[in-house]
2 protein chains.
Amino acid sequence: MSIQTHRIITSRVRGVVYHEMKNVVDTVRGNLTVGEFGFDLPFRPLRYFITYHVPEQTTRGEHAHRACAQFLLSVAGQCSVKVDDGERTEEIVLDRPTVGVYIPPLVWATEHKHSLDSRLMVFASLPYDPDDYIRDYDEFLGLVGKSRLVRD
Amino acid sequence: MSIQTHRIITSRVRGVVYHEMKNVVDTVRGNLTVGEFGFDLPFRPLRYFITYHVPEQTTRGEHAHRACAQFLLSVAGQCSVKVDDGERTEEIVLDRPTVGVYIPPLVWATEHKHSLDSRLMVFASLPYDPDDYIRDYDEFLGLVGKSRLVRD
């Protein structure tokens with residue numbers, strides 16, 4: 001049996017944190033990966049959702065949240081998450097149940113390249129609220145104090 | 001697109017509730033299943049864990065909790081959960097990401113028959129505490145006010 005402890009890696013995108021969760025590998029009893037909310041992860045969720053059977057060409061997300069924080073965990077299969085704070089972007093591959101990414105409010109996120117067997121679990125800090133979504137990229141840039149260079 | 005609403009089915013085992021979670025089926029964007037903690041589900045978790053690569057012959061669980069409540073969701077693959085309140089037992093198959101089972105404290109639970117691709121997500125109402133585990137079945141029966149018939 002081997003135990004890997006929880007480890008975090010800060011992203012170059014403001015507030016985004018990549019997590020390698022505690023993982024217990026046991027070839028006899030099976031493996032177990034664990035996280036404590038409010039301790040390993042920075043919030044206690046009020047909601048979860050799972051996306052599944054997402055066509056490989058489909059892009060999900062393409063929005064930011066005003067107040068809701070999220071933690072994304074690829075429980076099965078894999079997908080890519082692109083995060084963007086209006087200044088820097090980063091693409092993160094989630095390809096095993098032991099790694100996840102924390103996305104704070106006011107970060108634009110896009111999920112794509114889902115494998116056929118992808119099961120992406122998202123923990124959300126707040127209940128569903130359509131008014132919490134920022135779906136317009138220019139509005140997002142304004143809210144984070146950036147704007148596109150205007151070219152005539 | 002079709003939407004199935006959240007539905008609960010009471011088990012014959014005390015306090016155990018089977019949940020069919022809200023499910024949005026969308027062949028273009030992919031499917032999404034969702035649950036709100038403290039609303040659809042009776043508690044806000046302080047912890048999650050995922051078991052994976054559990055050998056098919058392996059049995060996990062085989063204990064009850066004194067205070068911790070759990071919600072089990074088979075995010076990928078399938079497994080069977082046997083629940084036992086000291087009087088009645090029931091075997092529940094979790095074979096898709098849209099169904100789960102709530103297990104209150106003082107119910108003996110066993111997970112077995114994991115498929116090769118099984119990824120079982122467990123939400124727990126309390127942090128890990130080894131003293132919360134009841135691993136002796138006779139002690140469990142005593143705590144729930146039952147005892148085995150003594151045969152000489």
# chains A, B, ... in the order shown; residues from 1 in each chain; ligands from 1

$ closest_atom_pairs --of "segment 10-82 of chain A" --to "segment 99-110 of chain A" --cutoff "10 Å" --atoms "only C-alpha atoms" --output "Markdown table"
| residue | atom | partner | partner_atom | distance |
| --- | --- | --- | --- | --- |
| A:Thr10 | CA | A:Tyr102 | CA | 9.8 |
| A:Ser11 | CA | A:Val101 | CA | 9.4 |
| A:Val13 | CA | A:Val107 | CA | 8.3 |
| A:Arg14 | CA | A:Val107 | CA | 7.8 |
| A:Gly15 | CA | A:Pro104 | CA | 6.1 |
| A:Val16 | CA | A:Ile103 | CA | 5.1 |
| A:Val17 | CA | A:Tyr102 | CA | 5.1 |
| A:Tyr18 | CA | A:Val101 | CA | 4.5 |
| A:His19 | CA | A:Gly100 | CA | 5.2 |
| A:Glu20 | CA | A:Val99 | CA | 4.6 |
| A:Met21 | CA | A:Val99 | CA | 5.9 |
| A:Lys22 | CA | A:Val99 | CA | 9.2 |
| A:Asn23 | CA | A:Val99 | CA | 9.8 |
| A:Thr33 | CA | A:Val99 | CA | 9.4 |
| A:Leu41 | CA | A:Tyr102 | CA | 8.0 |
| A:Pro42 | CA | A:Tyr102 | CA | 8.4 |
| A:Phe43 | CA | A:Tyr102 | CA | 9.9 |
| A:Thr59 | CA | A:Thr110 | CA | 6.8 |
| A:Arg60 | CA | A:Thr110 | CA | 5.9 |
| A:Gly61 | CA | A:Thr110 | CA | 4.5 |
| A:Glu62 | CA | A:Thr110 | CA | 4.7 |
| A:His63 | CA | A:Trp108 | CA | 5.3 |
| A:Ala64 | CA | A:Trp108 | CA | 4.4 |
| A:His65 | CA | A:Pro105 | CA | 5.1 |
| A:Arg66 | CA | A:Pro105 | CA | 5.5 |
| A:Ala67 | CA | A:Pro105 | CA | 5.2 |
| A:Cys68 | CA | A:Pro105 | CA | 5.5 |
| A:Ala69 | CA | A:Pro104 | CA | 4.6 |
| A:Gln70 | CA | A:Ile103 | CA | 5.2 |
| A:Phe71 | CA | A:Tyr102 | CA | 4.4 |
| A:Leu72 | CA | A:Val101 | CA | 5.3 |
| A:Leu73 | CA | A:Gly100 | CA | 4.5 |
| A:Ser74 | CA | A:Gly100 | CA | 7.0 |
| A:Val75 | CA | A:Val99 | CA | 8.9 |
| A:Ser80 | CA | A:Thr110 | CA | 8.2 |
| A:Val81 | CA | A:Thr110 | CA | 5.6 |
| A:Lys82 | CA | A:Thr110 | CA | 5.1 |

$ write_last_selection --atoms "C-alpha atoms" --output "mmCIF file, in the first residue's frame"
data_model
loop_
_atom_site.group_PDB
_atom_site.id
_atom_site.type_symbol
_atom_site.label_atom_id
_atom_site.label_comp_id
_atom_site.auth_asym_id
_atom_site.auth_seq_id
_atom_site.Cartn_x
_atom_site.Cartn_y
_atom_site.Cartn_z
ATOM 1 C CA THR A 10 -0.587 27.479 -8.131
ATOM 2 C CA SER A 11 -1.558 28.326 -11.690
ATOM 3 C CA VAL A 13 -4.062 32.373 -13.863
ATOM 4 C CA ARG A 14 -5.241 34.499 -10.917
ATOM 5 C CA GLY A 15 -6.616 32.364 -8.095
ATOM 6 C CA VAL A 16 -6.695 29.081 -10.038
ATOM 7 C CA VAL A 17 -5.126 26.217 -8.088
ATOM 8 C CA TYR A 18 -4.351 22.705 -9.329
ATOM 9 C CA HIS A 19 -4.769 19.995 -6.676
ATOM 10 C CA GLU A 20 -3.297 16.527 -6.416
ATOM 11 C CA MET A 21 -5.575 14.961 -3.840
ATOM 12 C CA LYS A 22 -4.605 12.473 -1.162
ATOM 13 C CA ASN A 23 -4.462 9.032 -2.747
ATOM 14 C CA THR A 33 -8.713 9.249 -3.133
ATOM 15 C CA LEU A 41 -10.486 22.420 -0.657
ATOM 16 C CA PRO A 42 -11.386 26.047 0.085
ATOM 17 C CA PHE A 43 -15.176 25.754 0.375
ATOM 18 C CA THR A 59 -17.149 22.820 -25.803
ATOM 19 C CA ARG A 60 -18.893 23.432 -22.476
ATOM 20 C CA GLY A 61 -18.500 26.292 -20.037
ATOM 21 C CA GLU A 62 -17.524 29.473 -21.893
ATOM 22 C CA HIS A 63 -18.561 31.650 -18.984
ATOM 23 C CA ALA A 64 -17.373 33.030 -15.658
ATOM 24 C CA HIS A 65 -19.248 33.332 -12.366
ATOM 25 C CA ARG A 66 -19.777 36.499 -10.367
ATOM 26 C CA ALA A 67 -19.754 34.806 -6.939
ATOM 27 C CA CYS A 68 -19.728 31.005 -7.320
ATOM 28 C CA ALA A 69 -16.437 29.133 -6.852
ATOM 29 C CA GLN A 70 -16.001 25.669 -8.379
ATOM 30 C CA PHE A 71 -13.794 22.629 -8.040
ATOM 31 C CA LEU A 72 -13.562 20.319 -11.074
ATOM 32 C CA LEU A 73 -12.593 16.675 -10.778
ATOM 33 C CA SER A 74 -12.439 14.264 -13.696
ATOM 34 C CA VAL A 75 -13.742 11.167 -11.901
ATOM 35 C CA SER A 80 -9.226 19.765 -20.821
ATOM 36 C CA VAL A 81 -10.088 22.928 -18.919
ATOM 37 C CA LYS A 82 -9.003 26.309 -20.227
#

$ interface_residues --of "chain B" --to "chain A" --cutoff "7 Å" --atoms "only C-alpha atoms" --output "VMD selection string"
chain B and resid 29 to 37 44 to 55 58 75 to 76 119 127

$ atom_distance --atom1 "atom CA of Val144 of chain B" --atom2 "atom CA of Glu87 of chain B"
9.2 Å

$ atom_distance --atom1 "atom CA of Tyr137 of chain B" --atom2 "atom CA of Val83 of chain B"
12.8 Å

$ select_by_dssp --residues "segment 9-118 of chain A" --states "strand (DSSP E)" --output "ChimeraX atom specification"
/A:9-10,17-20,22-25,31-36,47-52,60-65,70-76,79-84,89-94,99-103,108-112

$ select_by_dssp --residues "chain B" --states "helix (DSSP H, G or I)" --output "ChimeraX atom specification"
/B:130-132,137-143

$ write_last_selection --atoms "N, CA, C and O atoms" --output "PDB file, in the first residue's frame"
ATOM      1  N   PRO B 130     -11.593   7.790  12.979  1.00  0.00           N
ATOM      2  CA  PRO B 130     -11.591   6.322  13.142  1.00  0.00           C
ATOM      3  C   PRO B 130     -12.538   5.858  14.252  1.00  0.00           C
ATOM      4  O   PRO B 130     -13.070   4.746  14.184  1.00  0.00           O
ATOM      5  N   ASP B 131     -12.787   6.719  15.267  1.00  0.00           N
ATOM      6  CA  ASP B 131     -13.669   6.324  16.368  1.00  0.00           C
ATOM      7  C   ASP B 131     -15.145   6.314  15.962  1.00  0.00           C
ATOM      8  O   ASP B 131     -15.997   5.854  16.724  1.00  0.00           O
ATOM      9  N   ASP B 132     -15.453   6.860  14.779  1.00  0.00           N
ATOM     10  CA  ASP B 132     -16.837   6.880  14.324  1.00  0.00           C
ATOM     11  C   ASP B 132     -17.241   5.543  13.682  1.00  0.00           C
ATOM     12  O   ASP B 132     -18.422   5.298  13.447  1.00  0.00           O
ATOM     13  N   TYR B 137     -19.847  -6.496  14.090  1.00  0.00           N
ATOM     14  CA  TYR B 137     -21.279  -6.607  13.775  1.00  0.00           C
ATOM     15  C   TYR B 137     -22.120  -6.816  15.033  1.00  0.00           C
ATOM     16  O   TYR B 137     -23.236  -6.296  15.136  1.00  0.00           O
ATOM     17  N   ASP B 138     -21.590  -7.546  16.002  1.00  0.00           N
ATOM     18  CA  ASP B 138     -22.361  -7.743  17.237  1.00  0.00           C
ATOM     19  C   ASP B 138     -22.491  -6.438  18.026  1.00  0.00           C
ATOM     20  O   ASP B 138     -23.547  -6.168  18.605  1.00  0.00           O
ATOM     21  N   GLU B 139     -21.433  -5.633  18.025  1.00  0.00           N
ATOM     22  CA  GLU B 139     -21.530  -4.321  18.677  1.00  0.00           C
ATOM     23  C   GLU B 139     -22.603  -3.484  17.969  1.00  0.00           C
ATOM     24  O   GLU B 139     -23.415  -2.814  18.622  1.00  0.00           O
ATOM     25  N   PHE B 140     -22.604  -3.546  16.638  1.00  0.00           N
ATOM     26  CA  PHE B 140     -23.615  -2.816  15.852  1.00  0.00           C
ATOM     27  C   PHE B 140     -25.023  -3.248  16.251  1.00  0.00           C
ATOM     28  O   PHE B 140     -25.900  -2.416  16.518  1.00  0.00           O
ATOM     29  N   LEU B 141     -25.245  -4.571  16.328  1.00  0.00           N
ATOM     30  CA  LEU B 141     -26.580  -5.072  16.690  1.00  0.00           C
ATOM     31  C   LEU B 141     -26.984  -4.574  18.073  1.00  0.00           C
ATOM     32  O   LEU B 141     -28.140  -4.191  18.292  1.00  0.00           O
ATOM     33  N   GLY B 142     -26.030  -4.543  19.001  1.00  0.00           N
ATOM     34  CA  GLY B 142     -26.325  -4.030  20.339  1.00  0.00           C
ATOM     35  C   GLY B 142     -26.730  -2.563  20.303  1.00  0.00           C
ATOM     36  O   GLY B 142     -27.701  -2.147  20.946  1.00  0.00           O
ATOM     37  N   LEU B 143     -26.029  -1.784  19.478  1.00  0.00           N
ATOM     38  CA  LEU B 143     -26.305  -0.341  19.402  1.00  0.00           C
ATOM     39  C   LEU B 143     -27.668  -0.043  18.785  1.00  0.00           C
ATOM     40  O   LEU B 143     -28.288   0.968  19.112  1.00  0.00           O
TER      41      LEU B 143
END

$ residues_around --residues "Arg88 of chain B" --least-positions-apart "3" --cutoff "8 Å" --atoms "only C-alpha atoms" --output "list in words"
Arg12, Val13, Asp84 and Asp85 of chain B

$ decode --residues "segment 8-21 of chain A" --atoms "all heavy atoms" --output "short mmCIF file (atom, residue, chain, number, x, y, z; two decimals), in the first residue's frame"
data_model
loop_
_atom_site.label_atom_id
_atom_site.label_comp_id
_atom_site.auth_asym_id
_atom_site.auth_seq_id
_atom_site.Cartn_x
_atom_site.Cartn_y
_atom_site.Cartn_z
N ILE A 8 -0.71 21.06 -3.64
CA ILE A 8 -1.32 22.06 -4.52
C ILE A 8 -0.25 22.74 -5.36
O ILE A 8 0.90 22.89 -4.95
CB ILE A 8 -2.13 23.12 -3.75
CG1 ILE A 8 -1.25 23.91 -2.77
CG2 ILE A 8 -3.30 22.51 -3.01
CD1 ILE A 8 -1.97 25.08 -2.13
N ILE A 9 -0.66 23.13 -6.56
CA ILE A 9 0.23 23.83 -7.48
C ILE A 9 -0.52 25.07 -7.97
O ILE A 9 -1.63 24.96 -8.51
CB ILE A 9 0.61 22.93 -8.68
CG1 ILE A 9 1.33 21.68 -8.18
CG2 ILE A 9 1.48 23.69 -9.68
CD1 ILE A 9 1.37 20.55 -9.19
N THR A 10 0.07 26.23 -7.74
CA THR A 10 -0.59 27.48 -8.13
C THR A 10 -0.46 27.67 -9.64
O THR A 10 0.59 27.43 -10.22
CB THR A 10 0.08 28.66 -7.40
OG1 THR A 10 0.04 28.39 -6.00
CG2 THR A 10 -0.64 29.96 -7.67
N SER A 11 -1.55 28.07 -10.25
CA SER A 11 -1.56 28.33 -11.69
C SER A 11 -1.05 29.74 -11.96
O SER A 11 -0.99 30.58 -11.06
CB SER A 11 -2.99 28.16 -12.18
OG SER A 11 -3.24 28.92 -13.32
N ARG A 12 -0.75 30.02 -13.23
CA ARG A 12 -0.39 31.40 -13.60
C ARG A 12 -1.62 32.27 -13.78
O ARG A 12 -1.50 33.49 -13.92
CB ARG A 12 0.48 31.39 -14.87
CG ARG A 12 -0.19 30.75 -16.06
CD ARG A 12 0.77 30.43 -17.19
NE ARG A 12 0.34 31.06 -18.44
CZ ARG A 12 0.92 32.11 -18.99
NH1 ARG A 12 1.98 32.65 -18.44
NH2 ARG A 12 0.47 32.64 -20.11
N VAL A 13 -2.80 31.63 -13.75
CA VAL A 13 -4.06 32.37 -13.86
C VAL A 13 -4.55 32.71 -12.44
O VAL A 13 -4.61 31.83 -11.58
CB VAL A 13 -5.10 31.55 -14.65
CG1 VAL A 13 -6.47 32.21 -14.62
CG2 VAL A 13 -4.62 31.35 -16.08
N ARG A 14 -4.90 33.98 -12.24
CA ARG A 14 -5.24 34.50 -10.92
C ARG A 14 -6.23 33.60 -10.13
O ARG A 14 -7.35 33.40 -10.55
CB ARG A 14 -5.85 35.90 -11.06
CG ARG A 14 -6.33 36.55 -9.77
CD ARG A 14 -6.95 37.92 -10.00
NE ARG A 14 -7.72 38.01 -11.24
CZ ARG A 14 -8.92 37.49 -11.40
NH1 ARG A 14 -9.52 36.88 -10.40
NH2 ARG A 14 -9.54 37.59 -12.56
N GLY A 15 -5.75 33.08 -9.02
CA GLY A 15 -6.62 32.36 -8.09
C GLY A 15 -6.86 30.90 -8.43
O GLY A 15 -7.43 30.17 -7.63
N VAL A 16 -6.46 30.47 -9.62
CA VAL A 16 -6.69 29.08 -10.04
C VAL A 16 -5.62 28.19 -9.41
O VAL A 16 -4.43 28.50 -9.49
CB VAL A 16 -6.68 28.96 -11.58
CG1 VAL A 16 -6.70 27.50 -12.02
CG2 VAL A 16 -7.85 29.73 -12.18
N VAL A 17 -6.06 27.11 -8.79
CA VAL A 17 -5.13 26.22 -8.09
C VAL A 17 -5.38 24.78 -8.53
O VAL A 17 -6.52 24.30 -8.52
CB VAL A 17 -5.27 26.34 -6.55
CG1 VAL A 17 -4.31 25.39 -5.84
CG2 VAL A 17 -5.04 27.77 -6.09
N TYR A 18 -4.30 24.11 -8.92
CA TYR A 18 -4.35 22.70 -9.33
C TYR A 18 -4.08 21.85 -8.09
O TYR A 18 -3.16 22.15 -7.32
CB TYR A 18 -3.26 22.53 -10.38
CG TYR A 18 -3.09 21.16 -10.96
CD1 TYR A 18 -3.91 20.70 -11.98
CD2 TYR A 18 -2.07 20.32 -10.49
CE1 TYR A 18 -3.71 19.43 -12.52
CE2 TYR A 18 -1.87 19.07 -11.04
CZ TYR A 18 -2.70 18.63 -12.04
OH TYR A 18 -2.52 17.39 -12.59
N HIS A 19 -4.90 20.83 -7.87
CA HIS A 19 -4.77 19.99 -6.68
C HIS A 19 -4.46 18.55 -7.04
O HIS A 19 -5.14 17.97 -7.90
CB HIS A 19 -6.10 19.98 -5.89
CG HIS A 19 -6.42 21.25 -5.19
ND1 HIS A 19 -6.36 21.39 -3.82
CD2 HIS A 19 -6.81 22.46 -5.66
CE1 HIS A 19 -6.70 22.63 -3.49
NE2 HIS A 19 -6.99 23.30 -4.57
N GLU A 20 -3.47 17.98 -6.41
CA GLU A 20 -3.30 16.53 -6.42
C GLU A 20 -3.81 16.06 -5.06
O GLU A 20 -3.24 16.41 -4.01
CB GLU A 20 -1.83 16.15 -6.60
CG GLU A 20 -1.33 16.49 -8.01
CD GLU A 20 0.14 16.14 -8.24
OE1 GLU A 20 0.77 15.62 -7.30
OE2 GLU A 20 0.62 16.41 -9.34
N MET A 21 -4.90 15.33 -5.08
CA MET A 21 -5.58 14.96 -3.84
C MET A 21 -4.89 13.78 -3.17
O MET A 21 -4.16 13.01 -3.80
CB MET A 21 -7.04 14.62 -4.12
CG MET A 21 -7.81 15.73 -4.84
SD MET A 21 -7.74 17.35 -4.02
CE MET A 21 -8.54 16.98 -2.45
#
